[in-house]
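See below for model_28.cif, which holds mmCIF, C-alpha atoms and all ligand atoms.
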data_data
loop_
_atom_site.group_PDB
_atom_site.id
_atom_site.type_symbol
_atom_site.label_atom_id
_atom_site.label_comp_id
_atom_site.auth_asym_id
_atom_site.auth_seq_id
_atom_site.Cartn_x
_atom_site.Cartn_y
_atom_site.Cartn_z
ATOM 1 C CA MET A 324 -10.879 171.553 145.480
ATOM 2 C CA VAL A 325 -11.694 167.876 145.659
ATOM 3 C CA ASN A 326 -9.888 164.681 146.403
ATOM 4 C CA LEU A 327 -11.125 161.870 144.193
ATOM 5 C CA VAL A 328 -10.923 158.223 145.147
ATOM 6 C CA VAL A 329 -11.038 155.110 143.014
ATOM 7 C CA GLY A 330 -10.950 151.449 143.998
ATOM 8 C CA CYS A 331 -7.978 149.494 142.681
ATOM 9 C CA ASP A 332 -9.912 146.327 141.868
ATOM 10 C CA GLY A 333 -10.443 147.239 138.241
ATOM 11 C CA PHE A 334 -6.788 148.002 137.549
ATOM 12 C CA GLY A 335 -5.070 144.664 137.158
ATOM 13 C CA ASP A 336 -2.377 143.435 134.800
ATOM 14 C CA ASP A 337 -4.737 142.918 131.875
ATOM 15 C CA VAL A 338 -6.032 146.468 132.140
ATOM 16 C CA LEU A 339 -2.461 147.770 132.273
ATOM 17 C CA ALA A 340 -1.485 145.756 129.213
ATOM 18 C CA ALA A 341 -4.482 147.100 127.303
ATOM 19 C CA ALA A 342 -3.663 150.692 128.270
ATOM 20 C CA LEU A 343 -0.052 150.352 127.154
ATOM 21 C CA ARG A 344 -1.145 148.741 123.884
ATOM 22 C CA ALA A 345 -3.568 151.593 123.270
ATOM 23 C CA ILE A 346 -0.820 154.180 123.785
ATOM 24 C CA GLU A 347 1.385 152.325 121.325
ATOM 25 C CA ALA A 348 -1.474 151.930 118.860
ATOM 26 C CA ALA A 349 -1.826 155.719 118.924
ATOM 27 C CA GLY A 350 1.778 155.988 117.714
ATOM 28 C CA PHE A 351 3.589 156.579 120.990
ATOM 29 C CA SER A 352 6.112 154.615 122.979
ATOM 30 C CA VAL A 353 5.580 154.243 126.689
ATOM 31 C CA ALA A 354 7.793 153.193 129.568
ATOM 32 C CA VAL A 355 7.678 153.251 133.333
ATOM 33 C CA SER A 356 10.531 154.420 135.488
ATOM 34 C CA ASP A 357 11.012 154.553 139.224
ATOM 35 C CA ARG A 358 12.531 157.977 139.136
ATOM 36 C CA SER A 359 12.208 160.075 136.074
ATOM 37 C CA ASP A 360 15.507 161.060 134.502
ATOM 38 C CA GLU A 361 16.749 164.632 134.281
ATOM 39 C CA HIS A 362 15.358 165.041 130.773
ATOM 40 C CA VAL A 363 11.849 164.192 131.917
ATOM 41 C CA LEU A 364 12.171 166.356 135.043
ATOM 42 C CA ALA A 365 13.290 169.334 132.966
ATOM 43 C CA TRP A 366 10.403 168.749 130.559
ATOM 44 C CA LEU A 367 7.981 168.749 133.475
ATOM 45 C CA ASP A 368 9.310 172.085 134.670
ATOM 46 C CA ASP A 369 9.054 173.598 131.203
ATOM 47 C CA GLU A 370 5.699 172.164 130.217
ATOM 48 C CA PHE A 371 3.770 172.532 133.448
ATOM 49 C CA ALA A 372 5.575 175.403 135.165
ATOM 50 C CA GLY A 373 5.138 174.007 138.599
ATOM 51 C CA ALA A 374 6.530 171.740 141.243
ATOM 52 C CA TRP A 375 5.558 168.522 139.538
ATOM 53 C CA SER A 376 9.092 167.388 138.821
ATOM 54 C CA SER A 377 9.605 167.083 142.560
ATOM 55 C CA GLU A 378 6.686 164.709 142.837
ATOM 56 C CA ALA A 379 7.672 162.737 139.761
ATOM 57 C CA TYR A 380 11.090 162.284 141.291
ATOM 58 C CA ALA A 381 9.504 161.043 144.502
ATOM 59 C CA GLY A 382 7.433 158.409 142.696
ATOM 60 C CA SER A 383 7.226 156.232 139.623
ATOM 61 C CA SER A 384 5.924 157.485 136.290
ATOM 62 C CA TYR A 385 4.597 156.197 133.013
ATOM 63 C CA VAL A 386 6.024 158.433 130.301
ATOM 64 C CA ALA A 387 4.780 158.457 126.707
ATOM 65 C CA ARG A 388 6.959 159.670 123.873
ATOM 66 C CA LYS A 389 6.472 160.457 120.213
ATOM 67 C CA GLY A 390 9.877 159.726 118.798
ATOM 68 C CA ASP A 391 12.237 161.729 120.989
ATOM 69 C CA ALA A 392 9.546 164.138 122.167
ATOM 70 C CA ILE A 393 8.011 163.557 125.576
ATOM 71 C CA ALA A 394 4.262 163.663 125.121
ATOM 72 C CA GLY A 395 2.755 162.906 128.498
ATOM 73 C CA PHE A 396 3.264 161.384 131.903
ATOM 74 C CA ALA A 397 1.411 160.021 134.889
ATOM 75 C CA THR A 398 3.099 159.575 138.240
ATOM 76 C CA PHE A 399 2.020 157.171 140.951
ATOM 77 C CA ASP A 400 2.978 156.378 144.511
ATOM 78 C CA PRO A 401 5.176 159.395 145.258
ATOM 79 C CA ARG A 402 6.674 158.935 148.703
ATOM 80 C CA GLY A 403 7.772 161.250 151.464
ATOM 81 C CA MET A 404 5.726 164.298 150.518
ATOM 82 C CA ARG A 405 4.022 166.543 153.035
ATOM 83 C CA PHE A 406 1.359 168.336 151.079
ATOM 84 C CA ASP A 407 -1.575 169.156 153.277
ATOM 85 C CA TRP A 408 -3.912 167.260 150.989
ATOM 86 C CA LEU A 409 -2.019 164.108 151.906
ATOM 87 C CA ARG A 410 -3.385 164.207 155.404
ATOM 88 C CA GLY A 411 -6.599 162.320 156.149
ATOM 89 C CA LEU A 412 -7.479 159.958 153.345
ATOM 90 C CA GLY A 413 -4.056 160.248 151.778
ATOM 91 C CA ALA A 414 -2.397 159.103 154.983
ATOM 92 C CA GLN A 415 -4.330 155.830 155.179
ATOM 93 C CA ALA A 416 -2.195 152.749 154.661
ATOM 94 C CA ASP A 417 -4.370 151.213 151.961
ATOM 95 C CA VAL A 418 -4.507 154.403 149.897
ATOM 96 C CA GLY A 419 -1.922 155.026 147.193
ATOM 97 C CA ILE A 420 -1.393 158.390 145.549
ATOM 98 C CA PHE A 421 -2.005 159.102 141.874
ATOM 99 C CA GLY A 422 -0.387 161.999 140.084
ATOM 100 C CA PRO A 423 0.683 164.435 138.995
ATOM 101 C CA PHE A 424 -0.470 163.790 135.451
ATOM 102 C CA GLY A 425 -0.290 165.757 132.245
ATOM 103 C CA VAL A 426 -0.108 165.695 128.474
ATOM 104 C CA ALA A 427 1.971 168.261 126.599
ATOM 105 C CA LYS A 428 -0.183 170.827 124.834
ATOM 106 C CA ALA A 429 0.964 169.597 121.444
ATOM 107 C CA PHE A 430 -0.344 166.107 122.185
ATOM 108 C CA ARG A 431 -3.630 166.780 123.935
ATOM 109 C CA LYS A 432 -6.660 165.034 122.479
ATOM 110 C CA SER A 433 -4.320 162.469 120.950
ATOM 111 C CA GLY A 434 -5.989 159.837 123.103
ATOM 112 C CA ILE A 435 -3.068 158.999 125.366
ATOM 113 C CA GLY A 436 -4.317 160.907 128.412
ATOM 114 C CA PRO A 437 -6.920 158.403 129.635
ATOM 115 C CA HIS A 438 -4.521 155.495 129.023
ATOM 116 C CA LEU A 439 -1.700 157.124 130.979
ATOM 117 C CA LEU A 440 -4.216 157.731 133.756
ATOM 118 C CA THR A 441 -5.220 154.069 133.661
ATOM 119 C CA ALA A 442 -1.614 152.846 133.585
ATOM 120 C CA ALA A 443 -0.677 154.867 136.645
ATOM 121 C CA LEU A 444 -3.751 153.645 138.522
ATOM 122 C CA CYS A 445 -2.626 150.110 137.635
ATOM 123 C CA GLY A 446 0.733 151.077 139.102
ATOM 124 C CA VAL A 447 -0.975 152.045 142.351
ATOM 125 C CA ALA A 448 -2.867 148.744 142.351
ATOM 126 C CA ALA A 449 0.293 146.740 141.670
ATOM 127 C CA ARG A 450 1.885 148.234 144.777
ATOM 128 C CA GLY A 451 -0.832 146.554 146.829
ATOM 129 C CA TYR A 452 -3.008 149.567 147.646
ATOM 130 C CA LYS A 453 -6.769 149.055 147.765
ATOM 131 C CA ARG A 454 -7.695 152.579 146.733
ATOM 132 C CA ALA A 455 -6.058 155.368 144.802
ATOM 133 C CA LEU A 456 -6.311 159.016 145.776
ATOM 134 C CA ILE A 457 -6.432 161.563 142.976
ATOM 135 C CA PRO A 458 -5.794 164.648 145.057
ATOM 136 C CA ALA A 459 -6.383 168.355 144.862
ATOM 137 C CA VAL A 460 -8.362 168.634 141.634
ATOM 138 C CA GLY A 461 -9.706 172.141 141.230
ATOM 139 C CA GLU A 462 -11.601 172.401 137.946
ATOM 140 C CA GLU A 463 -15.033 170.879 137.439
ATOM 141 C CA LYS A 464 -14.075 169.774 133.937
ATOM 142 C CA LEU A 465 -11.057 167.970 135.303
ATOM 143 C CA ILE A 466 -13.150 166.322 137.997
ATOM 144 C CA GLU A 467 -15.470 165.089 135.270
ATOM 145 C CA TYR A 468 -12.469 163.945 133.238
ATOM 146 C CA TYR A 469 -11.256 161.764 136.089
ATOM 147 C CA GLN A 470 -14.716 160.436 136.820
ATOM 148 C CA ARG A 471 -15.295 159.623 133.169
ATOM 149 C CA ASN A 472 -11.923 158.008 132.536
ATOM 150 C CA SER A 473 -11.283 156.174 135.786
ATOM 151 C CA GLY A 474 -14.567 155.723 137.611
ATOM 152 C CA ALA A 475 -13.250 157.840 140.488
ATOM 153 C CA VAL A 476 -15.717 159.387 142.888
ATOM 154 C CA ILE A 477 -15.370 162.471 145.028
ATOM 155 C CA GLY A 478 -13.832 161.573 148.380
ATOM 156 C CA TYR A 479 -14.307 164.993 149.840
ATOM 157 C CA ARG A 480 -14.392 168.636 148.924
ATOM 158 C CA ALA A 481 -12.320 171.225 150.697
ATOM 159 C CA GLY A 482 -13.176 174.735 149.674
ATOM 160 C CA VAL A 483 -10.254 176.562 151.153
ATOM 161 C CA GLN A 484 -7.313 174.585 149.885
ATOM 162 C CA ARG A 485 -5.542 175.402 146.697
ATOM 163 C CA CYS A 486 -5.727 173.021 143.807
ATOM 164 C CA ARG A 487 -3.274 170.910 141.896
ATOM 165 C CA CYS A 488 -3.222 173.006 138.783
ATOM 166 C CA ALA A 489 -0.523 173.109 136.178
ATOM 167 C CA GLY A 490 0.769 176.575 135.515
ATOM 168 C CA THR A 491 -0.356 178.062 138.768
ATOM 169 C CA ALA A 492 1.680 175.858 141.060
ATOM 170 C CA ALA A 493 4.459 177.495 142.966
ATOM 171 C CA ARG A 494 7.599 177.220 140.918
ATOM 172 C CA GLY A 495 9.352 174.463 142.745
ATOM 173 C CA GLY A 496 11.162 173.254 139.664
ATOM 174 C CA ARG A 497 13.615 170.520 140.153
ATOM 175 C CA GLY A 498 14.124 171.404 143.788
ATOM 176 C CA ARG A 499 13.274 167.932 144.927
ATOM 177 C CA GLU A 500 13.631 169.027 148.491
ATOM 178 C CA GLY A 501 10.394 170.934 147.855
ATOM 179 C CA ALA A 502 8.433 167.688 147.760
ATOM 180 C CA LEU A 503 10.591 165.748 150.125
ATOM 181 C CA GLY A 504 11.091 168.368 152.730
ATOM 182 C CA GLY A 505 7.738 169.803 153.520
ATOM 183 C CA VAL A 506 5.845 171.836 150.936
ATOM 184 C CA GLY A 507 2.608 172.752 152.648
ATOM 185 C CA SER A 508 0.123 172.956 149.794
ATOM 186 C CA ARG A 509 0.026 173.313 146.105
ATOM 187 C CA GLY A 510 -1.982 175.180 143.589
HETATM 188 C C1 LIG B 601 -5.699 166.716 131.905
HETATM 189 C C2 LIG B 601 -4.926 166.325 130.634
HETATM 190 C C3 LIG B 601 -3.803 165.376 130.974
HETATM 191 C C4 LIG B 601 -5.902 165.615 129.691
HETATM 192 O O1 LIG B 601 -5.245 165.417 128.456
HETATM 193 P P1 LIG B 601 -6.039 164.719 127.253
HETATM 194 O O2 LIG B 601 -6.468 163.376 127.645
HETATM 195 O O3 LIG B 601 -5.222 164.873 126.038
HETATM 196 O O4 LIG B 601 -7.361 165.508 127.212
HETATM 197 P P2 LIG B 601 -7.630 167.005 126.715
HETATM 198 O O5 LIG B 601 -6.556 167.947 127.130
HETATM 199 O O6 LIG B 601 -7.957 166.931 125.275
HETATM 200 O O7 LIG B 601 -8.925 167.367 127.556
HETATM 201 C C5 LIG B 601 -10.041 166.534 127.531
HETATM 202 C C6 LIG B 601 -11.080 167.130 128.429
HETATM 203 O O8 LIG B 601 -10.568 167.180 129.776
HETATM 204 C C7 LIG B 601 -11.006 168.398 130.396
HETATM 205 N N1 LIG B 601 -9.811 169.177 130.740
HETATM 206 C C8 LIG B 601 -8.569 168.858 130.442
HETATM 207 N N2 LIG B 601 -7.702 169.742 130.990
HETATM 208 C C9 LIG B 601 -8.413 170.634 131.627
HETATM 209 C C10 LIG B 601 -8.087 171.771 132.390
HETATM 210 N N3 LIG B 601 -6.815 172.154 132.595
HETATM 211 N N4 LIG B 601 -9.081 172.481 132.920
HETATM 212 C C11 LIG B 601 -10.345 172.093 132.728
HETATM 213 N N5 LIG B 601 -10.696 171.023 132.022
HETATM 214 C C12 LIG B 601 -9.758 170.296 131.478
HETATM 215 C C13 LIG B 601 -11.902 169.056 129.419
HETATM 216 O O9 LIG B 601 -13.215 168.597 129.670
HETATM 217 C C14 LIG B 601 -11.453 168.537 128.099
HETATM 218 O O10 LIG B 601 -12.439 168.508 127.149
HETATM 219 P P3 LIG B 601 -12.669 169.774 126.146
HETATM 220 O O11 LIG B 601 -11.337 170.012 125.463
HETATM 221 O O12 LIG B 601 -13.725 169.281 125.258
HETATM 222 O O13 LIG B 601 -13.060 170.923 127.015
HETATM 223 C C15 LIG B 601 -4.356 167.568 129.898
HETATM 224 O O14 LIG B 601 -5.400 168.431 129.571
HETATM 225 C C16 LIG B 601 -3.330 168.313 130.719
HETATM 226 O O15 LIG B 601 -2.167 167.935 130.728
HETATM 227 N N6 LIG B 601 -3.743 169.381 131.377
HETATM 228 C C17 LIG B 601 -2.807 170.194 132.172
HETATM 229 C C18 LIG B 601 -2.287 169.440 133.356
HETATM 230 C C19 LIG B 601 -3.403 169.102 134.328
HETATM 231 O O16 LIG B 601 -4.289 169.898 134.596
HETATM 232 N N7 LIG B 601 -3.337 167.859 134.854
HETATM 233 C C20 LIG B 601 -4.284 167.373 135.845
HETATM 234 C C21 LIG B 601 -3.891 167.828 137.233
HETATM 235 S S1 LIG B 601 -5.138 167.375 138.415
#

Would you give me this structure, written as structure tokens?
Amino acid sequence: MVNLVVGCDGFGDDVLAAALRAIEAAGFSVAVSDRSDEHVLAWLDDEFAGAWSSEAYAGSSYVARKGDAIAGFATFDPRGMRFDWLRGLGAQADVGIFGPFGVAKAFRKSGIGPHLLTAALCGVAARGYKRALIPAVGEEKLIEYYQRNSGAVIGYRAGVQRCRCAGTAARGGRGREGALGGVGSRG
């Protein structure tokens, strides 16, 4: 399990605008919301079978849609969570949190994933953080994905913790108290 870190310098307004344009050019609409609505939270529970709706509710999210269908999301700056991977680096004042992040199976490889990732990192930067933490990534391919698409580097590895993996997360569902009230770890 690794925590990845990326500097916020490269994620300004122009980069955000380009990412949003690219999502739209791929045929999707995209919008940011401070707290995802019930429809998005229910979609998160269904699509990723985990506790991610709790985190989305605790933060802001870019959400891409194809018509009425939700295609993907990237959350940033969730507040008030107590995951154990938020200790250390994640607790530093200049570090903002990225994620969770996912694209619905039907829309993977459509090209929106890296742009949603970029948009949410721009969201972290816009909140005034100097660095973004991409926490609890378990799979090597996913680590490479983040490195390739954001320039993130490995902050540290922690072999014993459980990863932030869709589908294997404890089913927290829309129990927002799960994120706000002290979930210990995820994975
Ligand atoms: C990660 C994700 C958002 C990327 O979506 P995308 O930009 O459309 O990209 P793809 O799904 O086509 O994957 C691109 C590459 O990322 C890597 N990758 C993506 N998801 C992966 C996973 N769950 N495990 C391992 N590698 C993964 C692979 O290298 C893949 O390339 P490949 O298909 O040639 O093997 C999407 O795969 C997803 O929603 N996965 C499930 C949720 C998740 O794991 N989110 C990250 C939590 S840290």

Margin query: Here is a test: counting all atoms listed in the file, which residue of A:Lys428, A:Arg454, A:Arg388, A:Arg480 is nearest to ligand LIG 601 (chain B)?
Written below: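 Result for the nearest residue to ligand LIG 601 (chain B): A:Lys428.
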
Check: Taking all atoms listed in the file into account, which residues are within 9 Å of ligand LIG 601 (chain B), as a VMD selection string?
Finding: chain A and resid 370 to 371 395 to 397 422 to 428 430 to 440 457 to 469 486 to 490

Next item on the list: Could you give me, as number ranges by chain, the residues within 10 Å of Asp332 in chain A, counting all atoms listed in the file and dropping anything in the same chain fewer than 5 positions from it?
Entry: A: 445, 448, 452-454

Item checked: Of the listed residues A:Val329, A:Asp400, A:Val363, A:Gly419, that which approaches Gln470 in chain A most closely, counting all atoms listed in the file ->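 Of the candidates, the smallest distance to Gln470 in chain A is held by A:Val329.
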
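CA of Asp336 in chain A is found 18.5 Å from CA of Ala387 in chain A.
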
Next item on the list: Figure out the distance between CA of Ala394 in chain A and CA of Ala345 in chain A, please, to one decimal in Å.
Entry: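 One can read the CA of Ala345 in chain A to CA of Ala394 in chain A distance as 14.5 Å.
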
Check: If you measure from CA of Asp337 in chain A to CA of Ala354 in chain A, what distance in Å do you get, rounded to one decimal?
Finding: 16.4 Å

Checklist line | Reference answer for the PyMOL selection byres (((chain A and resi 450) around 12) and not hetatm), as an MDAnalysis selection string | finding: chainID A and resid 331 334:336 382:383 399:401 416:421 443:449 451:455

Margin query: Counting only C-alpha atoms, which residues sit no farther than 7 Å from the position (4.2, 156.6, 122.6) in the file's frame? I'd like them as a list in words.
Written below: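 In the file's frame, the residues around the point are Ile346, Glu347, Gly350, Phe351, Ser352, Val353, Ala387, Arg388 and Lys389 of chain A.
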
Put the listed atoms of range 353-372 of chain A in a box along x, y and z with 4 Å added on every side and give me the centre and edge lengths in Å to one decimal, as JSON.
{"center_x": 10.3, "center_y": 164.3, "center_z": 133.0, "size_x": 21.0, "size_y": 30.2, "size_z": 20.5}

Notebook entry, point to check: Of the candidates A:Leu364, A:Leu327, A:Leu456, A:Ala349, which one gets nearest to Ser384 in chain A if we count all atoms listed in the file?
Noted result: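 Of A:Leu364, A:Leu327, A:Leu456, A:Ala349, the one nearest Ser384 in chain A, counting all atoms listed in the file, is A:Leu364.
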
Checklist line | Shortest interatomic distance to Gly478 in chain A - which of A:Ala442, A:Ala341, A:Leu367, A:Val328, counting only C-alpha atoms | finding: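 Among the listed residues, A:Val328 lies closest to Gly478 in chain A.
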
Next item on the list: Return the single residue from A:Trp375, A:Trp366, A:Tyr385, A:Tyr479 that is closest to Leu343 in chain A, with distances computed using only C-alpha atoms.
Entry: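 Looking only at the distances to Leu343 in chain A, the closest residue turns out to be A:Tyr385.
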
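Proximity to Met324 in chain A was assessed for A:Ala475, A:Tyr380, A:Ala429, A:Trp408 counting all atoms listed in the file; the smallest distance is recorded for A:Trp408.
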